[in-house]
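To be precise, the following lines are target.csv, and they hold CSV, C-alpha atoms.
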```csv
chain,number,residue,atom,x,y,z
A,29,MET,CA,-145.4,121.7,9.4
A,30,ILE,CA,-146.9,118.6,7.9
A,31,LYS,CA,-145.6,115.3,9.2
A,32,PRO,CA,-144.7,112.7,6.6
A,33,PHE,CA,-147.6,110.4,5.6
A,34,LYS,CA,-147.7,107.3,7.7
A,35,LYS,CA,-147.9,104.3,5.4
A,36,GLN,CA,-149.1,101.9,8.1
A,37,TRP,CA,-152.3,104.1,8.6
A,38,PHE,CA,-153.2,103.8,5.0
A,39,TRP,CA,-152.8,100.0,4.9
A,40,ALA,CA,-154.6,99.6,8.2
A,41,ALA,CA,-157.6,101.5,6.8
A,42,PHE,CA,-157.5,99.6,3.5
A,43,LEU,CA,-157.3,96.2,5.2
A,44,SER,CA,-160.0,96.9,7.7
A,45,ILE,CA,-162.4,97.9,4.9
A,46,LEU,CA,-161.6,94.7,3.0
A,47,MET,CA,-162.1,92.6,6.2
A,48,LEU,CA,-165.3,94.3,7.2
A,49,ALA,CA,-166.6,93.8,3.7
A,50,GLY,CA,-165.9,90.1,3.9
A,51,CYS,CA,-167.4,89.6,7.4
A,52,GLN,CA,-171.1,89.9,6.5
A,53,GLU,CA,-172.6,86.5,5.8
A,54,ASP,CA,-176.0,85.5,7.2
A,55,GLY,CA,-177.1,83.1,4.5
A,56,GLN,CA,-179.8,85.4,3.1
A,57,LYS,CA,-179.8,86.4,-0.5
A,58,SER,CA,-180.7,90.0,0.2
A,59,SER,CA,-177.5,90.5,2.1
A,60,LYS,CA,-175.5,89.7,-1.0
A,61,ALA,CA,-177.9,91.1,-3.6
A,62,LEU,CA,-176.0,94.4,-4.1
A,63,PHE,CA,-172.6,92.7,-4.6
A,64,SER,CA,-173.0,89.4,-6.4
A,65,ARG,CA,-175.3,87.3,-8.5
A,66,VAL,CA,-178.1,85.9,-6.4
A,67,ASP,CA,-180.6,84.6,-9.0
A,68,PRO,CA,-183.8,85.0,-7.0
A,69,ALA,CA,-186.8,82.9,-7.8
A,70,PRO,CA,-189.8,84.7,-9.4
A,71,ILE,CA,-192.3,86.0,-6.9
A,72,LEU,CA,-196.0,85.4,-7.6
A,73,ILE,CA,-198.3,87.2,-5.2
A,74,SER,CA,-201.5,86.6,-7.0
A,75,PRO,CA,-203.1,84.6,-8.7
A,76,LYS,CA,-201.2,81.5,-7.5
A,77,SER,CA,-201.5,78.8,-10.1
A,78,PRO,CA,-198.8,76.6,-11.7
A,79,LYS,CA,-199.6,78.1,-15.1
A,80,ASP,CA,-199.0,81.7,-13.8
A,81,GLN,CA,-195.8,80.5,-12.1
A,82,GLY,CA,-194.6,79.1,-15.5
A,83,GLU,CA,-195.4,82.3,-17.3
A,84,LEU,CA,-193.5,84.3,-14.7
A,85,SER,CA,-190.5,82.0,-15.2
A,86,GLU,CA,-190.8,82.6,-18.9
A,87,ILE,CA,-190.7,86.4,-18.3
A,88,LYS,CA,-187.5,86.0,-16.2
A,89,LYS,CA,-186.0,83.8,-18.9
A,90,THR,CA,-186.7,86.4,-21.6
A,91,VAL,CA,-184.9,89.1,-19.6
A,92,ILE,CA,-181.9,87.0,-18.5
A,93,THR,CA,-181.3,85.8,-22.1
A,94,ASP,CA,-180.5,89.5,-23.1
A,95,LYS,CA,-176.8,89.7,-23.3
A,96,SER,CA,-176.6,92.9,-21.3
A,97,THR,CA,-178.1,91.5,-18.1
A,98,TYR,CA,-176.8,89.0,-15.6
A,99,ASP,CA,-179.3,88.8,-12.7
A,100,VAL,CA,-183.0,89.2,-12.8
A,101,ALA,CA,-185.7,89.6,-10.1
A,102,VAL,CA,-189.4,89.4,-11.1
A,103,ALA,CA,-192.5,89.9,-9.0
A,104,ARG,CA,-196.1,89.7,-10.2
A,105,LYS,CA,-199.4,91.0,-8.7
A,106,ASP,CA,-202.4,90.2,-11.0
A,107,LYS,CA,-201.5,91.6,-14.4
A,108,GLU,CA,-198.8,93.9,-13.1
A,109,VAL,CA,-195.2,92.7,-13.4
A,110,LEU,CA,-192.2,94.3,-11.7
A,111,VAL,CA,-188.9,93.4,-13.5
A,112,SER,CA,-185.5,94.4,-12.1
A,113,TYR,CA,-182.2,93.3,-13.5
A,114,LYS,CA,-178.5,94.0,-13.1
A,115,VAL,CA,-176.6,95.3,-16.1
A,116,LYS,CA,-173.1,94.0,-17.0
A,117,HIS,CA,-170.5,96.6,-16.0
A,118,SER,CA,-169.3,97.1,-19.6
A,119,LYS,CA,-172.8,97.8,-20.8
A,120,ARG,CA,-173.8,100.3,-18.1
A,121,PHE,CA,-173.3,103.3,-20.5
A,122,GLN,CA,-176.4,102.0,-22.4
A,123,MET,CA,-178.8,101.6,-19.5
A,124,LYS,CA,-181.6,103.6,-21.0
A,125,LYS,CA,-181.4,101.8,-24.3
A,126,ILE,CA,-181.3,98.4,-22.6
A,127,GLU,CA,-184.4,99.3,-20.5
A,128,LYS,CA,-186.2,100.4,-23.7
A,129,THR,CA,-185.3,97.2,-25.5
A,130,ILE,CA,-186.3,94.9,-22.6
A,131,THR,CA,-189.6,96.7,-22.1
A,132,HIS,CA,-190.4,96.5,-25.8
A,133,LYS,CA,-189.5,92.8,-25.9
A,134,LEU,CA,-191.6,92.0,-22.9
A,135,GLU,CA,-194.6,94.0,-24.0
A,136,LYS,CA,-194.5,92.3,-27.4
A,137,LYS,CA,-194.1,88.8,-26.0
A,138,PHE,CA,-196.6,89.1,-23.1
A,139,PRO,CA,-199.2,91.7,-24.3
A,140,ASP,CA,-201.7,90.9,-21.4
A,141,TYR,CA,-199.4,92.3,-18.7
A,142,THR,CA,-198.3,95.8,-17.7
A,143,PHE,CA,-194.6,95.9,-17.0
A,144,ALA,CA,-192.5,98.1,-14.7
A,145,VAL,CA,-188.9,97.6,-15.8
A,146,SER,CA,-185.9,98.9,-13.9
A,147,SER,CA,-182.2,98.4,-13.5
A,148,ASP,CA,-182.1,100.1,-10.1
A,149,TYR,CA,-180.3,98.2,-7.4
A,150,LYS,CA,-182.8,99.3,-4.8
A,151,ILE,CA,-185.7,97.9,-6.6
A,152,PHE,CA,-183.8,94.6,-7.2
A,153,LEU,CA,-182.9,94.4,-3.5
A,154,GLU,CA,-186.5,95.1,-2.4
A,155,ILE,CA,-187.9,92.4,-4.7
A,156,VAL,CA,-185.4,89.9,-3.2
A,157,ARG,CA,-186.5,91.0,0.3
A,158,LEU,CA,-190.1,90.7,-0.6
A,159,GLY,CA,-189.5,87.1,-1.7
A,160,GLU,CA,-187.7,86.3,1.5
A,161,LYS,CA,-190.5,87.7,3.6
A,162,LEU,CA,-193.1,85.7,1.7
A,163,ASP,CA,-191.0,82.5,2.1
A,164,SER,CA,-190.6,83.0,5.8
A,165,LYS,CA,-194.3,83.7,6.2
A,166,LYS,CA,-193.6,87.2,7.6
A,167,PHE,CA,-195.8,88.7,5.0
A,168,ASP,CA,-199.4,87.6,4.1
A,169,LYS,CA,-200.9,88.3,0.7
A,170,LYS,CA,-202.3,91.7,1.7
A,171,LYS,CA,-199.0,93.0,3.1
A,172,ALA,CA,-197.1,91.6,0.1
A,173,GLU,CA,-199.5,93.5,-2.3
A,174,LYS,CA,-199.0,96.7,-0.3
A,175,ARG,CA,-195.2,96.3,-0.5
A,176,PHE,CA,-195.4,95.5,-4.2
A,177,GLY,CA,-197.1,98.9,-4.7
A,178,GLU,CA,-194.4,100.6,-2.6
A,179,ILE,CA,-191.6,99.0,-4.6
A,180,LYS,CA,-193.3,100.0,-7.9
A,181,SER,CA,-193.6,103.6,-6.7
A,182,LEU,CA,-189.8,103.7,-6.2
A,183,LYS,CA,-189.5,103.5,-10.0
A,184,ASP,CA,-191.5,106.7,-10.4
A,185,GLU,CA,-189.2,108.5,-7.9
A,186,LEU,CA,-186.3,107.9,-10.2
A,187,THR,CA,-187.3,110.5,-12.8
H,23,MET,CA,-138.4,135.4,-19.3
H,24,PRO,CA,-137.7,134.5,-23.1
H,25,LYS,CA,-134.4,132.8,-23.7
H,26,LYS,CA,-133.2,135.4,-26.2
H,27,ASN,CA,-133.1,138.2,-23.6
H,28,LEU,CA,-130.8,136.2,-21.3
H,29,ASN,CA,-127.1,137.2,-21.2
H,30,PRO,CA,-124.5,134.4,-21.6
H,31,GLU,CA,-124.0,134.2,-17.9
H,32,GLN,CA,-127.7,133.7,-17.2
H,33,GLN,CA,-127.9,131.1,-19.9
H,34,LYS,CA,-125.0,129.2,-18.4
H,35,TYR,CA,-126.7,129.4,-15.0
H,36,GLN,CA,-129.9,128.0,-16.5
H,37,GLN,CA,-128.1,125.1,-18.0
H,38,LEU,CA,-126.4,124.4,-14.7
H,39,GLN,CA,-129.7,124.6,-12.9
H,40,LYS,CA,-131.3,122.2,-15.5
H,41,GLN,CA,-128.6,119.7,-14.7
H,42,HIS,CA,-129.2,119.7,-11.0
H,43,GLU,CA,-133.0,120.1,-11.1
H,44,LEU,CA,-134.9,117.2,-9.6
H,45,LYS,CA,-137.1,115.5,-12.1
H,46,ARG,CA,-140.8,115.3,-11.2
H,47,PRO,CA,-141.9,111.7,-10.7
H,48,VAL,CA,-144.8,112.1,-13.0
H,49,LEU,CA,-145.6,108.4,-13.4
H,50,MET,CA,-145.4,107.8,-9.6
H,51,ASN,CA,-147.6,110.8,-9.0
H,52,CYS,CA,-150.2,109.4,-11.4
H,53,ILE,CA,-150.1,106.0,-9.8
H,54,ARG,CA,-150.5,107.5,-6.3
H,55,ALA,CA,-153.4,109.8,-7.5
H,56,PHE,CA,-155.0,106.8,-9.1
H,57,TRP,CA,-154.9,104.7,-5.9
H,58,VAL,CA,-156.0,107.5,-3.6
H,59,GLY,CA,-158.7,108.7,-5.9
H,60,GLY,CA,-159.9,105.2,-6.4
H,61,LEU,CA,-159.9,104.5,-2.7
H,62,ILE,CA,-162.0,107.6,-2.1
H,63,CYS,CA,-164.4,106.5,-4.8
H,64,MET,CA,-164.6,103.0,-3.3
H,65,ILE,CA,-165.5,104.5,0.1
H,66,GLY,CA,-168.1,106.6,-1.7
H,67,GLN,CA,-169.5,103.5,-3.4
H,68,ALA,CA,-169.7,101.7,0.0
H,69,ILE,CA,-171.6,104.7,1.5
H,70,THR,CA,-174.0,104.6,-1.5
H,71,TYR,CA,-174.6,100.9,-0.8
H,72,PHE,CA,-175.1,101.7,2.8
H,73,TYR,CA,-177.9,104.2,2.0
H,74,ILE,CA,-179.5,101.9,-0.5
H,75,TYR,CA,-179.4,98.9,1.9
H,76,PHE,CA,-180.5,100.5,5.2
H,77,PHE,CA,-182.5,103.5,4.0
H,78,ASN,CA,-185.2,104.1,1.4
H,79,PHE,CA,-182.9,105.5,-1.2
H,80,THR,CA,-182.7,104.3,-4.8
H,81,GLU,CA,-179.5,104.1,-6.8
H,82,GLN,CA,-180.0,107.6,-8.2
H,83,THR,CA,-181.3,109.4,-5.1
H,84,ALA,CA,-178.5,107.8,-2.9
H,85,GLY,CA,-176.0,110.0,-4.7
H,86,ASN,CA,-177.0,113.1,-2.8
H,87,PRO,CA,-176.6,111.9,0.8
H,88,THR,CA,-173.4,110.1,-0.3
H,89,VAL,CA,-171.8,113.4,-1.5
H,90,ALA,CA,-173.0,115.2,1.7
H,91,THR,CA,-171.5,112.4,3.9
H,92,LEU,CA,-168.2,112.4,2.0
H,93,ILE,CA,-167.9,116.2,2.3
H,94,PHE,CA,-168.7,116.1,6.0
H,95,ILE,CA,-166.2,113.3,6.7
H,96,VAL,CA,-163.4,115.2,4.8
H,97,MET,CA,-164.3,118.4,6.6
H,98,LEU,CA,-163.7,116.6,9.9
H,99,LEU,CA,-160.5,115.0,8.6
H,100,THR,CA,-159.2,118.4,7.4
H,101,GLY,CA,-160.0,119.9,10.8
H,102,PHE,CA,-158.0,117.1,12.5
H,103,GLY,CA,-155.1,117.6,10.1
H,104,ILE,CA,-155.4,114.0,8.6
H,105,TYR,CA,-156.5,114.9,5.1
H,106,ASP,CA,-153.3,117.1,4.6
H,107,HIS,CA,-151.2,113.9,4.8
H,108,LEU,CA,-153.5,112.2,2.3
H,109,GLY,CA,-153.4,115.3,0.0
H,110,GLN,CA,-149.6,115.3,0.2
H,111,PHE,CA,-149.4,111.7,-0.8
H,112,GLY,CA,-152.2,111.4,-3.3
H,113,GLY,CA,-152.1,114.9,-4.9
H,114,ALA,CA,-154.8,115.3,-7.5
H,115,GLY,CA,-156.3,112.0,-6.5
H,116,SER,CA,-157.4,113.6,-3.2
H,117,ALA,CA,-158.4,117.0,-4.8
H,118,VAL,CA,-160.4,116.0,-7.8
H,119,PRO,CA,-163.2,113.9,-6.1
H,120,VAL,CA,-165.9,115.8,-4.2
H,121,THR,CA,-163.8,115.5,-1.1
H,122,GLY,CA,-161.5,118.2,-2.5
H,123,PHE,CA,-164.4,120.6,-2.1
H,124,GLY,CA,-164.8,119.9,1.6
H,125,ASN,CA,-161.0,120.2,2.0
H,126,ALA,CA,-161.0,123.6,0.2
H,127,VAL,CA,-163.8,125.0,2.4
H,128,ILE,CA,-162.3,124.0,5.7
H,129,SER,CA,-158.6,124.7,4.9
H,130,ALA,CA,-159.6,128.3,3.9
H,131,ALA,CA,-161.5,128.7,7.2
H,132,ILE,CA,-158.6,127.4,9.2
H,133,GLU,CA,-156.1,129.7,7.4
H,134,HIS,CA,-158.1,132.8,8.1
H,135,ARG,CA,-159.4,132.1,11.6
H,136,SER,CA,-156.8,134.5,13.1
H,137,GLU,CA,-158.5,137.4,11.2
H,138,GLY,CA,-161.7,136.9,13.2
H,139,TYR,CA,-164.9,134.9,12.7
H,140,VAL,CA,-166.8,137.3,10.5
H,141,LEU,CA,-164.2,139.0,8.3
H,142,GLY,CA,-161.7,136.1,8.6
H,143,VAL,CA,-163.6,132.8,8.6
H,144,GLY,CA,-166.9,134.1,7.2
H,145,GLY,CA,-165.3,136.3,4.5
H,146,ASN,CA,-162.8,133.7,3.3
H,147,ILE,CA,-164.4,130.3,3.8
H,148,PHE,CA,-165.6,130.1,0.2
H,149,LYS,CA,-162.5,131.8,-1.2
H,150,LEU,CA,-161.4,128.5,-2.9
H,151,ALA,CA,-164.6,126.6,-3.1
H,152,GLY,CA,-166.8,129.6,-4.1
H,153,SER,CA,-165.7,129.3,-7.8
H,154,VAL,CA,-166.8,125.7,-7.8
H,155,ILE,CA,-170.3,126.6,-6.4
H,156,VAL,CA,-170.7,129.5,-8.8
H,157,PHE,CA,-169.6,127.4,-11.8
H,158,GLY,CA,-171.9,124.6,-10.8
H,159,THR,CA,-174.9,126.9,-10.3
H,160,PHE,CA,-174.3,128.9,-13.4
H,161,SER,CA,-173.8,125.9,-15.7
H,162,ALA,CA,-176.9,124.2,-14.3
H,163,PHE,CA,-178.8,127.4,-15.0
H,164,VAL,CA,-177.5,127.5,-18.6
H,165,VAL,CA,-178.3,123.8,-19.2
H,166,ALA,CA,-181.8,124.3,-17.8
H,167,LEU,CA,-182.3,127.3,-20.0
H,168,ILE,CA,-181.2,125.4,-23.1
H,169,LYS,CA,-183.5,122.5,-22.2
H,170,THR,CA,-186.4,124.9,-21.6
H,171,ILE,CA,-185.9,126.6,-25.0
H,172,ILE,CA,-185.6,123.3,-26.8
H,173,GLY,CA,-188.8,122.1,-25.0
H,174,MET,CA,-190.6,125.3,-26.0
H,175,ILE,CA,-189.6,125.0,-29.7
H,176,GLY,CA,-190.8,121.5,-29.5
H,177,GLY,CA,-187.6,119.4,-29.9
```

Please express the file's structure as structure tokens.
Amino acid sequence: MIKPFKKQWFWAAFLSILMLAGCQEDGQKSSKALFSRVDPAPILISPKSPKDQGELSEIKKTVITDKSTYDVAVARKDKEVLVSYKVKHSKRFQMKKIEKTITHKLEKKFPDYTFAVSSDYKIFLEIVRLGEKLDSKKFDKKKAEKRFGEIKSLKDELT
Amino acid sequence: MPKKNLNPEQQKYQQLQKQHELKRPVLMNCIRAFWVGGLICMIGQAITYFYIYFFNFTEQTAGNPTVATLIFIVMLLTGFGIYDHLGQFGGAGSAVPVTGFGNAVISAAIEHRSEGYVLGVGGNIFKLAGSVIVFGTFSAFVVALIKTIIGMIGG
């Protein structure tokens, strides 16, 4: 015979999930990147010049001004640019259309670059992590370039 | 039984029964199912984020280990008798998500264990969940067939 459902068990489980979710806080953007807006700075691996940095910021601005997106991470290695963005919840049914629009917009505005555009959280998270590792000097240019390639290959896995 | 075939006494009894019959708390059941189903989905989302954050899974590929993990957890909970309480409270909210599949497999195995491991457990473990597997496999086959035909035509 089934015993009556114990309400206190349900609430205990519910509250512990809420509390555990709120506990994690280590000051790094990557730890919050999946849940909230972190607005990471554009990552320029090579070539490192103020003009290139400015252009990268312009790419980021182009994506963030789209009304469907709310957080953008950008990384660049030579002429390859990796763009990842988060889509507003109400617009998530039109993900493919948004990706197409943004890619088209970027290719038209910056014809010299090749773009890899994705709305995947994993790619976003990995770009944020790459930026943190470069900032903390854990990665040199060679390692960063290798990681850039690995992140880019994640996009090909999606299909 | 159609109403016209009932004799007056039976009709009277039916009216009496209708008066005393407990009404189903449909709205309350819906609210409970909504909360329990939502809670299961929230746990699923947390597991997805876990796989994305700690392992090399993308948003799309993380779905497969998430489903496997949820089914595994529910299989254990069913075995320990905890999921029964949740099922009793949440109703469809606990049966409709993928967790209902795990529950259907293990509850059938538990029910028939007295008949032996091969003819009892082995023969009946997919009694409830088998239709889900067959439907999923067959519909995937049909969709793939349609896609291939359209691709061959050149659509």

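Taking atom CA of A:Val91 and atom CA of A:Asp168 as the two end points, the separation is 27.8 Å.
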
Query - Which of H:Gln37, H:Phe56, H:Val96, H:Gly109 sits closest to chain A [using only C-alpha atoms] - result: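 Distance minimum relative to chain A lands on H:Gly109.
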
Query - Spatial neighbours of A:Ser64, 10 Å, only C-alpha atoms, chain gap at least 4 places, as a count of residues only - result: 6

Please provide the set of residues having any atom within 10 Å of stretch 82-93 of chain H, restricted to all atoms listed in the file, with same-chain residues fewer than 6 positions apart removed, written as a short mmCIF file (atom, residue, chain, number, x, y, z; two decimals) with C-alpha atoms, keeping the file's coordinate frame.
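See out-v6.cif below for the written result:
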```
data_model
loop_
_atom_site.label_atom_id
_atom_site.label_comp_id
_atom_site.auth_asym_id
_atom_site.auth_seq_id
_atom_site.Cartn_x
_atom_site.Cartn_y
_atom_site.Cartn_z
CA ASP A 148 -182.10 100.10 -10.10
CA TYR A 149 -180.30 98.20 -7.40
CA LYS A 150 -182.80 99.30 -4.80
CA GLU A 185 -189.20 108.50 -7.90
CA LEU A 186 -186.30 107.90 -10.20
CA THR A 187 -187.30 110.50 -12.80
CA ILE H 62 -162.00 107.60 -2.10
CA CYS H 63 -164.40 106.50 -4.80
CA ILE H 65 -165.50 104.50 0.10
CA GLY H 66 -168.10 106.60 -1.70
CA GLN H 67 -169.50 103.50 -3.40
CA ALA H 68 -169.70 101.70 0.00
CA ILE H 69 -171.60 104.70 1.50
CA THR H 70 -174.00 104.60 -1.50
CA TYR H 71 -174.60 100.90 -0.80
CA PHE H 72 -175.10 101.70 2.80
CA TYR H 73 -177.90 104.20 2.00
CA ILE H 74 -179.50 101.90 -0.50
CA LEU H 99 -160.50 115.00 8.60
CA PRO H 119 -163.20 113.90 -6.10
CA VAL H 120 -165.90 115.80 -4.20
CA THR H 121 -163.80 115.50 -1.10
CA GLY H 122 -161.50 118.20 -2.50
CA PHE H 123 -164.40 120.60 -2.10
CA GLY H 124 -164.80 119.90 1.60
CA ASN H 125 -161.00 120.20 2.00
CA VAL H 127 -163.80 125.00 2.40
#
```

Report task. Excluding stretch 119-130 of chain A and residues on its chain fewer than 5 positions from it, collect all residues at most 10 Å away from it, counting only C-alpha atoms, and give them as a ChimeraX atom specification. Result -> /A:90-92,94-97,111-114,135-136,145-147

Requested in this report: With a cut-off of 9 Å and counting only C-alpha atoms, select all residues of chain H in contact with chain A and give the selection as a ChimeraX atom specification.
Outcome: /H:61,65,71,74-75,78-83,103,106-108,110-111

Keeping C-alpha atoms for every residue in the selection just given, could you write it to a file as a tab-separated table (two decimals), keeping the file's coordinate frame?
```tsv
chain	number	residue	atom	x	y	z
H	61	LEU	CA	-159.90	104.50	-2.70
H	65	ILE	CA	-165.50	104.50	0.10
H	71	TYR	CA	-174.60	100.90	-0.80
H	74	ILE	CA	-179.50	101.90	-0.50
H	75	TYR	CA	-179.40	98.90	1.90
H	78	ASN	CA	-185.20	104.10	1.40
H	79	PHE	CA	-182.90	105.50	-1.20
H	80	THR	CA	-182.70	104.30	-4.80
H	81	GLU	CA	-179.50	104.10	-6.80
H	82	GLN	CA	-180.00	107.60	-8.20
H	83	THR	CA	-181.30	109.40	-5.10
H	103	GLY	CA	-155.10	117.60	10.10
H	106	ASP	CA	-153.30	117.10	4.60
H	107	HIS	CA	-151.20	113.90	4.80
H	108	LEU	CA	-153.50	112.20	2.30
H	110	GLN	CA	-149.60	115.30	0.20
H	111	PHE	CA	-149.40	111.70	-0.80
```

Query - Near-A:Ile155 list (7 Å; all atoms listed in the file; drop same-chain fewer than 4 positions) as a PyMOL selection string - result: chain A and resi 101+103+151+159

Query raised in the report: Mind pulling up the distance from atom CA of A:Ser164 to atom CA of A:Val100?
Result: 21.0 Å

**Report entry** Nearest candidate to H:Gly60 (options H:Phe157, H:Val118, H:Ile147, H:Ile128; using only C-alpha atoms)
**Finding:** H:Val118

Show me, as lines of an AutoDock Vina configuration file, the centre and edge lengths in Å to one decimal of the axis-aligned box that covers every listed atom of stretch 94-112 of chain A with 6 Å on each side.
```
center_x = -189.5
center_y = 91.6
center_z = -16.0
size_x = 37.8
size_y = 17.6
size_z = 26.6
```

Query raised in the report: Distance atom CA of A:Glu108-atom CA of A:Thr93, one decimal place?
Result: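 Separation between atom CA of A:Glu108 and atom CA of A:Thr93: 21.3 Å.
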
**Report entry** Residue among A:Pro139, A:Lys105, A:Ala144, A:Lys180 lying closest to A:Pro75, counting all atoms listed in the file
**Finding:**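 Comparing A:Pro139, A:Lys105, A:Ala144, A:Lys180 against A:Pro75, the winner is A:Lys105.
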